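Colleague: I'd like to ask some things about the structure below.
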Amino acid sequence: MELKQRLEELKELLHIIEKENRVETIKQMMNQPDFWSDEKKSNDLAKELKNLSKEVKNFNDVYELAMAGNEGEIEAFRNEIEQLEILALLSGKYDQKNAIINFFAGAGGVDAQDWTEMLIKMFLRWAEQNDAKATIIDQSFGGEAGIKGATIEIEAPYAYGKLRGESGVHRLVRLSPFNAKNLRQTSFALVQVMPEIENDTEINIDIKDLRVDVYRSGGNGGQSVNTTDSAVRITHLPTNIVVSCQNERSQLQNKESAMKVLRSRLAQLMLDQHKEKIEEIKGNFSSPEWGNQIRSYVLHPYKMVKDHRTDYESTDPDKVLAGDLNGFIEAELKYEAQQDK
């Protein structure tokens, strides 16, 4: 049968047997008396075990029930099999990683800063709806409203693989709430999605290539504003990449978070430029032009969200802005798979 054959192919594509073996290996390691002596390593392995066990169980539940059923019963699992096929598309080098997302307000003044804040909320809601943990690492508020720039982290299996297609310029068309005449306004914001790289074993950065500055955190006020000189800005001199973090309470925590973002940006640039070493990355980077949008969100004179790469669209932008992104994500993954053929 068609669906049974697809499941057999998926078992191989998803490396289920290898993952089952890895689960058993980690369990044996956890039984060793010195397993918890290295807290960071043991926590990473415990997290890997949890994620792999869930992935294997989800597949085996569908596989066993479908294989035991007749043709009519198997049809009930079509949606689950299609979701497994989406998972099989996430085979890139860093696809299984958590995601770090940068946001930058573009052309459009206060409207663009407000639009950037709307986009941040959209991804935070997507995370909430998809059992992912989202953390704001850094944000810079606009003078009148909105956010000029921000960095968030989304923790979930395959978060980067699912969200990497969101990288690019997002365009909003609406009646401006910041215009006295309530005229139609077009705003732009840039989204950069990167894989989270937590340690130096994957991306080794020479400390001599860094300039570290500390400064006082700022914000809109309130009890959460950090009033000590604990915010950290790190410049990677060879590439002139600048990252910052001010949301943690201590300078050390902010530095660790900023270094994680820096490793992630370098990893993404290496992917983009097909380089294997940091030294090979070209140091002259420019943001994409604001006119080259990947997706348009139109709230006036009609309602539509359209992806300009896949032509996937929705006539309910409110739902999309409330975090309903999976249709766009799946369309982009299928589009990429077709382009690779």
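Convention: chains lettered A, B, ... in structure tokens order; per-chain residue numbering from 1; ligands numbered from 1 as shown.
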Give me the residues near Asn102 (chain A) as a list in words, where near means some atom within 9 Å (using only C-alpha atoms) and where sequence neighbours in that chain fewer than 2 positions away do not count.
Modeller: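 Neighbouring residues, sequence-local ones excluded: Ile100, Phe104, Gly149, Ala150, Thr151, Ile152, Leu190, Val191, Gln192, Val193 and Met194 of chain A.
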Colleague: For the residues selected in the previous step, produce a file with N, CA and C atoms as a CSV table (one decimal), in the first residue's frame.
Modeller:
chain,number,residue,atom,x,y,z
A,100,ILE,N,18.1,31.0,17.0
A,100,ILE,CA,18.3,32.4,17.5
A,100,ILE,C,17.9,33.3,16.4
A,104,PHE,N,15.4,43.5,12.9
A,104,PHE,CA,15.9,44.8,12.7
A,104,PHE,C,14.8,45.6,12.0
A,149,GLY,N,15.4,46.9,17.4
A,149,GLY,CA,16.1,45.7,17.1
A,149,GLY,C,16.0,44.7,18.3
A,150,ALA,N,16.1,43.4,18.1
A,150,ALA,CA,15.9,42.5,19.2
A,150,ALA,C,16.5,41.1,18.8
A,151,THR,N,16.8,40.3,19.8
A,151,THR,CA,17.3,39.0,19.6
A,151,THR,C,16.5,38.1,20.5
A,152,ILE,N,15.9,37.0,20.0
A,152,ILE,CA,15.2,36.0,20.8
A,152,ILE,C,15.8,34.6,20.5
A,190,LEU,N,13.7,43.3,9.0
A,190,LEU,CA,14.5,42.2,8.6
A,190,LEU,C,14.6,41.2,9.7
A,191,VAL,N,14.4,39.9,9.3
A,191,VAL,CA,14.5,38.8,10.2
A,191,VAL,C,15.7,37.9,9.8
A,192,GLN,N,16.5,37.6,10.8
A,192,GLN,CA,17.7,36.7,10.6
A,192,GLN,C,17.5,35.5,11.5
A,193,VAL,N,17.4,34.3,10.9
A,193,VAL,CA,17.3,33.1,11.8
A,193,VAL,C,18.6,32.3,11.7
A,194,MET,N,19.1,32.0,12.9
A,194,MET,CA,20.4,31.3,12.9
A,194,MET,C,20.3,30.1,13.8
Colleague: Please extract the residues of region 188-263 of chain A with a backbone DSSP assignment of strand (DSSP E or B) and present them as a list in words.
Modeller: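 Everything in region 188-263 of chain A that counts as strand (DSSP E or B) is Phe188, Ala189, Leu190, Val191, Gln192, Val193, Met194, Pro195, Leu210, Arg211, Val212, Asp213, Val214, Tyr215, Ala231, Val232, Arg233, Ile234, Thr235, His236, Ile241, Val242, Val243, Ser244 and Cys245 of chain A.
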Colleague: What's around Lys4 (chain A) at 9 Å? Count only C-alpha atoms, leave out sequence neighbours fewer than 6 positions away in its own chain, and write the answer as JSON, numbers by chain.
Modeller: {"A": [63, 66, 67, 74]}
Colleague: Write out as a PyMOL selection string which residues come within 8 Å of region 205-215 of chain A when counting only C-alpha atoms, dropping same-chain ones fewer than 2 positions away.
Modeller: chain A and resi 200+203+217+229-238+251+263+278
Colleague: Restricted to C-alpha atoms, what would the selected residues look like written as a PDB file, in the first residue's frame?
Modeller:
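Writing done, so here's selection_38.pdb:
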ATOM      1  CA  ASP A 200      33.396  26.317  21.127  1.00  0.00           C
ATOM      2  CA  ILE A 203      32.644  27.243  16.274  1.00  0.00           C
ATOM      3  CA  SER A 217      21.311  48.614  30.247  1.00  0.00           C
ATOM      4  CA  ASP A 229      26.924  48.400  33.964  1.00  0.00           C
ATOM      5  CA  SER A 230      26.223  44.763  33.124  1.00  0.00           C
ATOM      6  CA  ALA A 231      25.156  44.980  29.482  1.00  0.00           C
ATOM      7  CA  VAL A 232      27.748  43.552  27.103  1.00  0.00           C
ATOM      8  CA  ARG A 233      28.574  44.360  23.485  1.00  0.00           C
ATOM      9  CA  ILE A 234      31.004  42.093  21.613  1.00  0.00           C
ATOM     10  CA  THR A 235      32.602  42.989  18.278  1.00  0.00           C
ATOM     11  CA  HIS A 236      34.167  40.248  16.170  1.00  0.00           C
ATOM     12  CA  LEU A 237      36.963  42.259  14.562  1.00  0.00           C
ATOM     13  CA  PRO A 238      37.682  40.135  11.445  1.00  0.00           C
ATOM     14  CA  GLN A 251      27.776  40.874  33.215  1.00  0.00           C
ATOM     15  CA  ARG A 263      28.825  31.796  17.424  1.00  0.00           C
ATOM     16  CA  ILE A 278      35.863  31.411  10.272  1.00  0.00           C
TER      17      ILE A 278
END
Colleague: Which residue out of A:Met30, A:Ala68, A:Met304, A:Ile197 has the minimum interatomic distance to Arg174 (chain A) when only C-alpha atoms are used?
Modeller: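 Closest candidate: A:Met304.
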Colleague: With distances taken over only C-alpha atoms, which residue among A:Leu13, A:Met270, A:Val261, A:Leu172 lies nearest Lys303 (chain A)?
Modeller: A:Leu172
Colleague: Set the distance at 10 Å and use only C-alpha atoms: which residues neighbour Pro157 (chain A) once local chain neighbours fewer than 4 positions away are removed? I'd like the list as a list in words.
Modeller: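 With the cut-off at 10 Å, the set is Lys47, Glu48, Asn51, Leu52, Glu55, Asp95, Gln96, Lys97, Asn98, Ala99, Asp131, Ala132, Gly161 and Lys162 of chain A.
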Colleague: Between A:Val305, A:Ile154, A:Val243, A:Leu45, which has the minimum distance to Leu325 (chain A) (counting only C-alpha atoms)?
Modeller: A:Val305
Colleague: Neighbours of Glu313 (chain A) within 10 Å (only C-alpha atoms; same-chain residues fewer than 4 positions away dropped), as a VMD selection string?
Modeller: chain A and resid 295 to 297 304 to 308 317 327 to 328 331
Colleague: Write out, as a PDB file, in the first residue's frame, the residues just selected, with C-alpha atoms.
Modeller:
ATOM      1  CA  ARG A 295       6.619  37.943   2.388  1.00  0.00           C
ATOM      2  CA  SER A 296       3.967  40.655   2.405  1.00  0.00           C
ATOM      3  CA  TYR A 297       1.363  41.165   5.111  1.00  0.00           C
ATOM      4  CA  MET A 304      -3.773  38.827   2.772  1.00  0.00           C
ATOM      5  CA  VAL A 305      -0.401  37.377   3.706  1.00  0.00           C
ATOM      6  CA  LYS A 306       1.571  36.096   0.718  1.00  0.00           C
ATOM      7  CA  ASP A 307       4.970  34.442   0.536  1.00  0.00           C
ATOM      8  CA  HIS A 308       6.723  35.625  -2.631  1.00  0.00           C
ATOM      9  CA  PRO A 317      -3.432  37.982   8.553  1.00  0.00           C
ATOM     10  CA  GLY A 327       1.493  26.518   6.643  1.00  0.00           C
ATOM     11  CA  PHE A 328       4.179  28.964   5.446  1.00  0.00           C
ATOM     12  CA  ALA A 331       5.408  25.326   2.050  1.00  0.00           C
TER      13      ALA A 331
END
Colleague: How many Å lie between CA of Phe77 (chain A) and CA of Leu65 (chain A), rounded to one decimal?
Modeller: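 Between CA of Phe77 (chain A) and CA of Leu65 (chain A) the gap works out to 8.8 Å.
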Colleague: Name the residues in contact with region 25-28 of chain A at a cut-off of 12 Å, using only C-alpha atoms, excluding same-chain residues fewer than 6 positions from it; report them as a PyMOL selection string.
Modeller: chain A and resi 18-19+34-35+41-53
Colleague: Those selected residues, please, written with C-alpha atoms and delivered as a PDB file, in the first residue's frame.
Modeller:
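Output file result_8.pdb follows:
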ATOM      1  CA  GLU A  18      20.195   4.822  14.584  1.00  0.00           C
ATOM      2  CA  LYS A  19      18.240   7.039  16.966  1.00  0.00           C
ATOM      3  CA  ASP A  34      30.389   9.557  37.341  1.00  0.00           C
ATOM      4  CA  PHE A  35      27.766  10.610  34.763  1.00  0.00           C
ATOM      5  CA  LYS A  41      27.702  17.583  29.449  1.00  0.00           C
ATOM      6  CA  SER A  42      25.235  15.503  31.469  1.00  0.00           C
ATOM      7  CA  ASN A  43      22.465  18.083  31.036  1.00  0.00           C
ATOM      8  CA  ASP A  44      23.074  18.174  27.279  1.00  0.00           C
ATOM      9  CA  LEU A  45      22.878  14.377  27.088  1.00  0.00           C
ATOM     10  CA  ALA A  46      19.719  14.309  29.211  1.00  0.00           C
ATOM     11  CA  LYS A  47      18.119  16.836  26.875  1.00  0.00           C
ATOM     12  CA  GLU A  48      19.224  14.813  23.832  1.00  0.00           C
ATOM     13  CA  LEU A  49      17.748  11.654  25.380  1.00  0.00           C
ATOM     14  CA  LYS A  50      14.416  13.360  26.039  1.00  0.00           C
ATOM     15  CA  ASN A  51      14.153  14.728  22.488  1.00  0.00           C
ATOM     16  CA  LEU A  52      15.264  11.520  20.765  1.00  0.00           C
ATOM     17  CA  SER A  53      12.980   9.342  22.898  1.00  0.00           C
TER      18      SER A  53
END
Colleague: Counting only C-alpha atoms, figure out which residue out of A:Asp272, A:Glu85, A:Asp318, A:Glu196 gets nearest to Lys334 (chain A).
Modeller: A:Glu85
Colleague: For the alpha helix (DSSP H) assignment from backbone DSSP, which residues of region 160-246 of chain A qualify? Please present them as an NGL selection string.
Modeller: :A and (160-163)
